[in-house]
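K.L.:
The structure's right below; bear with me while I get my questions together.
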Number of protein chains: 2
Amino acid sequence: MILKSQVEWALHCCAILAGLPEGRYLSTKALAEFHGLPKEYLSKALQSLSQAKLVESTLGPSGGYRLARPTAEITFLDVVEAVEGKERTFACSNIRANNPCRPEGYCEAGPCAVARVMWDADEAWRAKLRSVSLAALVQTLEQEIPTTLWQSSFQWVLKRAG
Amino acid sequence: MILKSQVEWALHCCAILAGLPEGRYLSTKALAEFHGLPKEYLSKALQSLSQAKLVESTLGPSGGYRLARPTAEITFLDVVEAVEGKERTFACSNIRANNPCRPEGYCEAGPCAVARVMWDADEAWRAKLRSVSLAALVQTLEQEIPTTLWQSSFQWVLKRAG
DNA sequence: TAGAATACGGATAATAAATATCCTTATTGC
DNA sequence: GCAATAAGGATATTTATTATCCGTATTCTA
Ligand code: SF4
Ligand code: SF4
């Protein structure tokens with residue numbers, strides 16, 4: 001089990017969009033070039049973000065994406081779920097129903113203990129992702145990335161932002 | 001991203017093995033029949049458990065598997081990692097290295113903030129799985145499953161255990 | 001007003017992973 | 001010696017991921 005690479009892409013794109021000045025848009029093309037990613041396929045990830053209402057888009061030249069909400073109000077979980085979906089990572093196929101000793105017509109009340117533990121763990125994962133916002137991410141990145149690289153990156157980006 | 005179904009299978013099989021009397025073995029065939037699963041493929045999951053030293057096996061008629069450790073010393077995480085592997089669920093492809101503004105020969109010190117958050121969440125998931133033992137699972141199941149079904153199930157199993 | 005750049009969605013192809021089956025070998029109990 | 005078993009290799013089959021291509025509607029710009 002491994003998350004799709006689109007998750008990493010989407011998170012990095014959101015980090016860039018989070019640093020964009022108010023009202024500016026950044027195109028798929030620019031985001032793809034900046035990260036060295038296939039434009040057409042990255043576009044699908046961005047469309048997922050758009051459908052999840054995390055970003056807004058506009059058409060035409062100088063079109064592209066911008067965040068739809070303040071960075072403090074978008075979490076890692078929002079992005080991950082936009083790309084991966086909201087389904088739990090443990091799917092129960094109800095194999096206990098195949099128990100040969102199971103009485104005719106007997107129907108289990110709810111999810112069994114196995115599923116509940118797996119779902120609790122899934123929720124712990126999500127809770128952690130929910131606890132980190134894009135604002136927090138940008139703050140950390142700003143501290144860690146060398147100032148010159150940070151600035152030249154945003155110069156590069158701004159030159160292409162509509 | 002979804003866990004393979006072998007995880008569910010392995011957990012249920014461990015739950016059965018956990019209820020087996022000291023020194024008895026249960027075969028793949030019996031476990032597959034009990035859960036209504038494809039024997040050959042379930043066998044692969046059990047082999048994973050065996051390689052992870054969670055279960056011991058013996059050959060010949062009346063052969064099969066038994067737990068290699070006390071139920072209190074086997075956790076959900078042990079079983080999940082035996083089947084799914086120990087790799088983290090977020091794989092970093094280091095796309096920041098593609099940044100066009102990145103200086104020649106510049107090399108990032110360590111994993112970036114994005115990866116660290118994802119890995120923290122992964123660890124939260126594992127911590128939760130680590131916190132539940134097979135002993136705890138069996139205790140819960142024993143409380144929840146109707147006594148008659150519980151007993152007839154283990155009668156069924158014991159008749160086939162070597 | 002024409003043209004270029006864009007997001008969006010549908011279709012489809014390529015690749016990788018999960019699921020499943022088959023077969024051979026070595027070991028064990030009877 | 002025979003039957004049942006775990007183990008592991010080989011190989012299909014099916015599904016998910018990754019990727020590309022194209023048509024349409026929209027928006028900006030010149
Ligand atoms: S995980 Fe629980 S609910 Fe799902 S099949 Fe197994 S016993 Fe049933
Ligand atoms: S997640 Fe972090 S370490 Fe991984 S590619 Fe992105 S920036 Fe680099």
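Each chain in the structure tokens gets a letter, A, B, ..., in the order shown, and its residues are numbered from 1; ligands are numbered from 1 in order too.
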Got a sec: who's within 8 Å of region 9-13 of chain D, counting only C-alpha atoms (C1' of nucleotides), leaving out chain neighbours fewer than 5 positions off, as a list in words?

P.N.:
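Near region 9-13 of chain D, the qualifying residues are DT19, DA20 and DT21 of chain C.
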
K.L.:
Write a file of the selected residues as a PDB file, in the first residue's frame, keeping N, CA, C and O atoms (P, O5', C5', C4', C3', O3' and C1' of nucleotides).

P.N.:
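Okay, this is what ended up in result_12.pdb:
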ATOM      1  P    DT C  19      -5.104  -7.581  -3.272  1.00  0.00           P
ATOM      2  O5'  DT C  19      -5.383  -8.776  -4.290  1.00  0.00           O
ATOM      3  C5'  DT C  19      -6.379  -8.600  -5.283  1.00  0.00           C
ATOM      4  C4'  DT C  19      -6.430  -9.815  -6.163  1.00  0.00           C
ATOM      5  C3'  DT C  19      -6.666 -11.144  -5.425  1.00  0.00           C
ATOM      6  O3'  DT C  19      -7.886 -11.691  -5.896  1.00  0.00           O
ATOM      7  C1'  DT C  19      -4.970 -11.345  -7.056  1.00  0.00           C
ATOM      8  P    DA C  20      -8.481 -13.034  -5.165  1.00  0.00           P
ATOM      9  O5'  DA C  20      -7.800 -14.182  -6.044  1.00  0.00           O
ATOM     10  C5'  DA C  20      -8.082 -14.215  -7.430  1.00  0.00           C
ATOM     11  C4'  DA C  20      -7.218 -15.258  -8.089  1.00  0.00           C
ATOM     12  C3'  DA C  20      -7.210 -16.629  -7.405  1.00  0.00           C
ATOM     13  O3'  DA C  20      -8.027 -17.497  -8.164  1.00  0.00           O
ATOM     14  C1'  DA C  20      -5.064 -16.011  -8.284  1.00  0.00           C
ATOM     15  P    DT C  21      -8.229 -19.036  -7.655  1.00  0.00           P
ATOM     16  O5'  DT C  21      -7.113 -19.794  -8.504  1.00  0.00           O
ATOM     17  C5'  DT C  21      -7.049 -19.566  -9.907  1.00  0.00           C
ATOM     18  C4'  DT C  21      -5.855 -20.273 -10.502  1.00  0.00           C
ATOM     19  C3'  DT C  21      -5.702 -21.744 -10.089  1.00  0.00           C
ATOM     20  O3'  DT C  21      -5.763 -22.531 -11.258  1.00  0.00           O
ATOM     21  C1'  DT C  21      -3.625 -20.592  -9.988  1.00  0.00           C
TER      22       DT C  21
END

K.L.:
Should the cut-off be 12 Å, what would the residue list for chain A against chain D look like, counting only C-alpha atoms (C1' of nucleotides), as a list in words?

P.N.:
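My answer is Met1, Ile2, Leu3, Lys4, Ser5, Gln6, Leu37, Pro38, Lys39, Glu40, Tyr41, Leu42, Ser43, Lys44, Ala45, Ser57, Thr58, Leu59, Gly60, Pro61, Ser62, Gly63, Gly64, Glu84 and Gly162 of chain A.
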
K.L.:
Work out how far CA of Ala82 (chain A) is from CA of Phe154 (chain A), in Å to one decimal.

P.N.:
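Distance between the two atoms: 25.4 Å.
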
K.L.:
Determine which residues of chain A sit within 7 Å of chain B, taking into account only C-alpha atoms, and present them as an NGL selection string.

P.N.:
:A and (1-3 or 34-36 or 84 or 89-90 or 95-96 or 98-102 or 113 or 121-122 or 124-125 or 128-129 or 137 or 140-141 or 149 or 152-153)

K.L.:
Just write the chosen residues, N, CA, C and O atoms, as an mmCIF file, in the first residue's frame.

P.N.:
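Wrote it out as out_14.cif, contents follow:
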data_model
loop_
_atom_site.group_PDB
_atom_site.id
_atom_site.type_symbol
_atom_site.label_atom_id
_atom_site.label_comp_id
_atom_site.auth_asym_id
_atom_site.auth_seq_id
_atom_site.Cartn_x
_atom_site.Cartn_y
_atom_site.Cartn_z
ATOM 1 N N MET A 1 0.835 -1.204 0.000
ATOM 2 C CA MET A 1 0.000 0.000 0.000
ATOM 3 C C MET A 1 0.867 1.249 0.000
ATOM 4 O O MET A 1 1.654 1.474 0.896
ATOM 5 N N ILE A 2 0.703 2.035 -1.001
ATOM 6 C CA ILE A 2 1.486 3.265 -1.074
ATOM 7 C C ILE A 2 0.639 4.348 -1.717
ATOM 8 O O ILE A 2 -0.125 4.072 -2.639
ATOM 9 N N LEU A 3 0.749 5.558 -1.198
ATOM 10 C CA LEU A 3 -0.031 6.669 -1.736
ATOM 11 C C LEU A 3 0.410 6.956 -3.161
ATOM 12 O O LEU A 3 1.568 6.757 -3.522
ATOM 13 N N PHE A 34 8.044 23.737 -13.030
ATOM 14 C CA PHE A 34 8.780 23.997 -11.789
ATOM 15 C C PHE A 34 9.155 22.701 -11.077
ATOM 16 O O PHE A 34 10.218 22.568 -10.496
ATOM 17 N N HIS A 35 8.244 21.725 -11.121
ATOM 18 C CA HIS A 35 8.495 20.479 -10.404
ATOM 19 C C HIS A 35 9.043 19.356 -11.288
ATOM 20 O O HIS A 35 9.320 18.265 -10.797
ATOM 21 N N GLY A 36 9.135 19.655 -12.587
ATOM 22 C CA GLY A 36 9.621 18.618 -13.494
ATOM 23 C C GLY A 36 8.661 17.456 -13.622
ATOM 24 O O GLY A 36 9.049 16.297 -13.594
ATOM 25 N N GLU A 84 -6.629 11.210 -3.102
ATOM 26 C CA GLU A 84 -6.743 9.770 -2.838
ATOM 27 C C GLU A 84 -8.182 9.332 -2.600
ATOM 28 O O GLU A 84 -8.466 8.136 -2.630
ATOM 29 N N THR A 89 -8.568 3.223 4.407
ATOM 30 C CA THR A 89 -7.503 2.432 3.785
ATOM 31 C C THR A 89 -7.658 0.940 4.051
ATOM 32 O O THR A 89 -6.979 0.135 3.438
ATOM 33 N N PHE A 90 -8.542 0.582 4.974
ATOM 34 C CA PHE A 90 -8.798 -0.838 5.209
ATOM 35 C C PHE A 90 -10.199 -1.161 4.713
ATOM 36 O O PHE A 90 -11.179 -0.629 5.220
ATOM 37 N N ILE A 95 -15.431 -11.324 5.444
ATOM 38 C CA ILE A 95 -15.182 -12.754 5.283
ATOM 39 C C ILE A 95 -15.763 -13.574 6.418
ATOM 40 O O ILE A 95 -15.940 -14.783 6.275
ATOM 41 N N ARG A 96 -16.086 -12.932 7.528
ATOM 42 C CA ARG A 96 -16.670 -13.727 8.621
ATOM 43 C C ARG A 96 -18.016 -14.322 8.210
ATOM 44 O O ARG A 96 -18.488 -15.282 8.803
ATOM 45 N N ASN A 98 -18.496 -16.010 5.775
ATOM 46 C CA ASN A 98 -18.258 -17.319 5.161
ATOM 47 C C ASN A 98 -18.057 -18.430 6.199
ATOM 48 O O ASN A 98 -17.919 -19.598 5.830
ATOM 49 N N ASN A 99 -18.039 -18.061 7.446
ATOM 50 C CA ASN A 99 -17.864 -19.043 8.522
ATOM 51 C C ASN A 99 -18.876 -20.178 8.376
ATOM 52 O O ASN A 99 -20.083 -19.947 8.378
ATOM 53 N N PRO A 100 -18.384 -21.393 8.226
ATOM 54 C CA PRO A 100 -19.287 -22.526 8.004
ATOM 55 C C PRO A 100 -20.191 -22.809 9.202
ATOM 56 O O PRO A 100 -21.210 -23.487 9.048
ATOM 57 N N CYS A 101 -19.837 -22.284 10.359
ATOM 58 C CA CYS A 101 -20.650 -22.528 11.551
ATOM 59 C C CYS A 101 -21.720 -21.458 11.739
ATOM 60 O O CYS A 101 -22.526 -21.520 12.663
ATOM 61 N N ARG A 102 -21.687 -20.485 10.890
ATOM 62 C CA ARG A 102 -22.618 -19.361 11.016
ATOM 63 C C ARG A 102 -24.044 -19.850 10.774
ATOM 64 O O ARG A 102 -24.335 -20.479 9.760
ATOM 65 N N ALA A 113 -14.318 -6.555 15.442
ATOM 66 C CA ALA A 113 -13.220 -5.940 16.182
ATOM 67 C C ALA A 113 -12.011 -5.684 15.276
ATOM 68 O O ALA A 113 -11.307 -4.687 15.441
ATOM 69 N N ALA A 121 -6.931 3.066 13.459
ATOM 70 C CA ALA A 121 -5.580 3.430 13.017
ATOM 71 C C ALA A 121 -5.668 4.383 11.830
ATOM 72 O O ALA A 121 -4.924 5.368 11.754
ATOM 73 N N ASP A 122 -6.596 4.108 10.937
ATOM 74 C CA ASP A 122 -6.809 4.982 9.784
ATOM 75 C C ASP A 122 -7.168 6.384 10.263
ATOM 76 O O ASP A 122 -6.660 7.383 9.752
ATOM 77 N N ALA A 124 -6.400 7.724 13.135
ATOM 78 C CA ALA A 124 -5.229 8.344 13.762
ATOM 79 C C ALA A 124 -4.343 8.991 12.692
ATOM 80 O O ALA A 124 -3.805 10.083 12.884
ATOM 81 N N TRP A 125 -4.230 8.284 11.569
ATOM 82 C CA TRP A 125 -3.458 8.814 10.435
ATOM 83 C C TRP A 125 -4.086 10.111 9.937
ATOM 84 O O TRP A 125 -3.418 11.132 9.771
ATOM 85 N N LYS A 128 -3.688 13.126 12.251
ATOM 86 C CA LYS A 128 -2.377 13.752 12.154
ATOM 87 C C LYS A 128 -2.313 14.669 10.933
ATOM 88 O O LYS A 128 -1.799 15.776 11.002
ATOM 89 N N LEU A 129 -2.843 14.181 9.834
ATOM 90 C CA LEU A 129 -2.831 14.987 8.617
ATOM 91 C C LEU A 129 -3.716 16.227 8.774
ATOM 92 O O LEU A 129 -3.425 17.283 8.220
ATOM 93 N N LEU A 137 2.940 24.529 7.011
ATOM 94 C CA LEU A 137 3.930 23.994 6.074
ATOM 95 C C LEU A 137 4.804 25.102 5.508
ATOM 96 O O LEU A 137 6.037 24.997 5.489
ATOM 97 N N THR A 140 7.354 26.384 7.935
ATOM 98 C CA THR A 140 8.502 25.483 8.075
ATOM 99 C C THR A 140 9.424 25.573 6.872
ATOM 100 O O THR A 140 10.651 25.673 7.006
ATOM 101 N N LEU A 141 8.831 25.543 5.680
ATOM 102 C CA LEU A 141 9.643 25.597 4.466
ATOM 103 C C LEU A 141 10.468 26.882 4.434
ATOM 104 O O LEU A 141 11.651 26.870 4.085
ATOM 105 N N LEU A 149 17.471 30.526 -2.464
ATOM 106 C CA LEU A 149 16.699 29.583 -3.272
ATOM 107 C C LEU A 149 15.216 29.906 -3.176
ATOM 108 O O LEU A 149 14.487 29.903 -4.175
ATOM 109 N N SER A 152 14.566 33.116 -5.265
ATOM 110 C CA SER A 152 14.673 32.921 -6.713
ATOM 111 C C SER A 152 13.534 32.042 -7.211
ATOM 112 O O SER A 152 13.025 32.211 -8.314
ATOM 113 N N SER A 153 13.100 31.100 -6.388
ATOM 114 C CA SER A 153 11.978 30.246 -6.777
ATOM 115 C C SER A 153 10.719 31.080 -6.965
ATOM 116 O O SER A 153 9.996 30.932 -7.958
#

K.L.:
When DSSP works through the backbone of this structure, what residues of region 32-109 of chain A end up as helix (DSSP H, G or I), shown as number ranges by chain?

P.N.:
A: 32-35, 39-51, 71-73, 76-84, 95-98

K.L.:
Chain C residues within 9 Å of chain A, counting only C-alpha atoms (C1' of nucleotides): which ones, as a short mmCIF file (atom, residue, chain, number, x, y, z; two decimals) with N, CA and C atoms (P, O5', C5', C4', C3', O3' and C1' of nucleotides), in the first residue's frame?

P.N.:
data_model
loop_
_atom_site.label_atom_id
_atom_site.label_comp_id
_atom_site.auth_asym_id
_atom_site.auth_seq_id
_atom_site.Cartn_x
_atom_site.Cartn_y
_atom_site.Cartn_z
P DA C 4 -2.74 32.03 -33.29
"O5'" DA C 4 -2.24 32.00 -31.78
"C5'" DA C 4 -1.80 33.21 -31.17
"C4'" DA C 4 -1.94 33.09 -29.67
"C3'" DA C 4 -1.51 31.74 -29.11
"O3'" DA C 4 -0.73 31.95 -27.95
"C1'" DA C 4 -3.71 32.22 -28.41
P DA C 5 0.12 30.72 -27.32
"O5'" DA C 5 -0.47 30.55 -25.87
"C5'" DA C 5 -0.61 31.69 -25.03
"C4'" DA C 5 -1.59 31.37 -23.94
"C3'" DA C 5 -1.33 30.02 -23.24
"O3'" DA C 5 -1.19 30.24 -21.85
"C1'" DA C 5 -3.61 30.21 -23.90
P DT C 6 -0.58 29.08 -20.93
"O5'" DT C 6 -1.88 28.42 -20.32
"C5'" DT C 6 -2.65 29.15 -19.37
"C4'" DT C 6 -4.09 28.72 -19.38
"C3'" DT C 6 -4.37 27.32 -18.86
"O3'" DT C 6 -4.35 27.30 -17.45
"C1'" DT C 6 -5.89 28.04 -20.59
P DA C 7 -4.40 25.92 -16.63
"O5'" DA C 7 -5.95 25.61 -16.54
"C5'" DA C 7 -6.80 26.47 -15.79
"C4'" DA C 7 -8.24 26.00 -15.89
"C3'" DA C 7 -8.50 24.64 -15.22
"O3'" DA C 7 -9.77 24.69 -14.57
"C1'" DA C 7 -9.01 24.51 -17.54
P DC C 8 -10.25 23.43 -13.68
"O5'" DC C 8 -10.98 22.50 -14.74
"C5'" DC C 8 -12.13 23.00 -15.43
"C4'" DC C 8 -12.62 21.96 -16.41
"C3'" DC C 8 -12.65 20.53 -15.87
"O3'" DC C 8 -14.00 20.14 -15.70
"C1'" DC C 8 -11.81 20.65 -18.10
#

K.L.:
As an exercise, work out the distance from atom 3 (S, counted along the ligand's line) of ligand 2 to CA of Arg116 (chain B) in Å and give it to one decimal place.

P.N.:
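According to the coordinates, atom 3 (S, counted along the ligand's line) of ligand 2 and CA of Arg116 (chain B) are separated by 8.1 Å.
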
K.L.:
Under the rule that only C-alpha atoms are counted, which of A:Ala18, A:Leu31, A:Leu158, A:Ala52 is the nearest residue to Pro70 (chain A)?

P.N.:
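For Pro70 (chain A), the nearest of the given residues is A:Ala18.
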
K.L.:
Using CA of Thr147 (chain B) and CA of Gly19 (chain B) as the two end points, give the distance in Å to one decimal.

P.N.:
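These atoms are spaced 14.0 Å apart.
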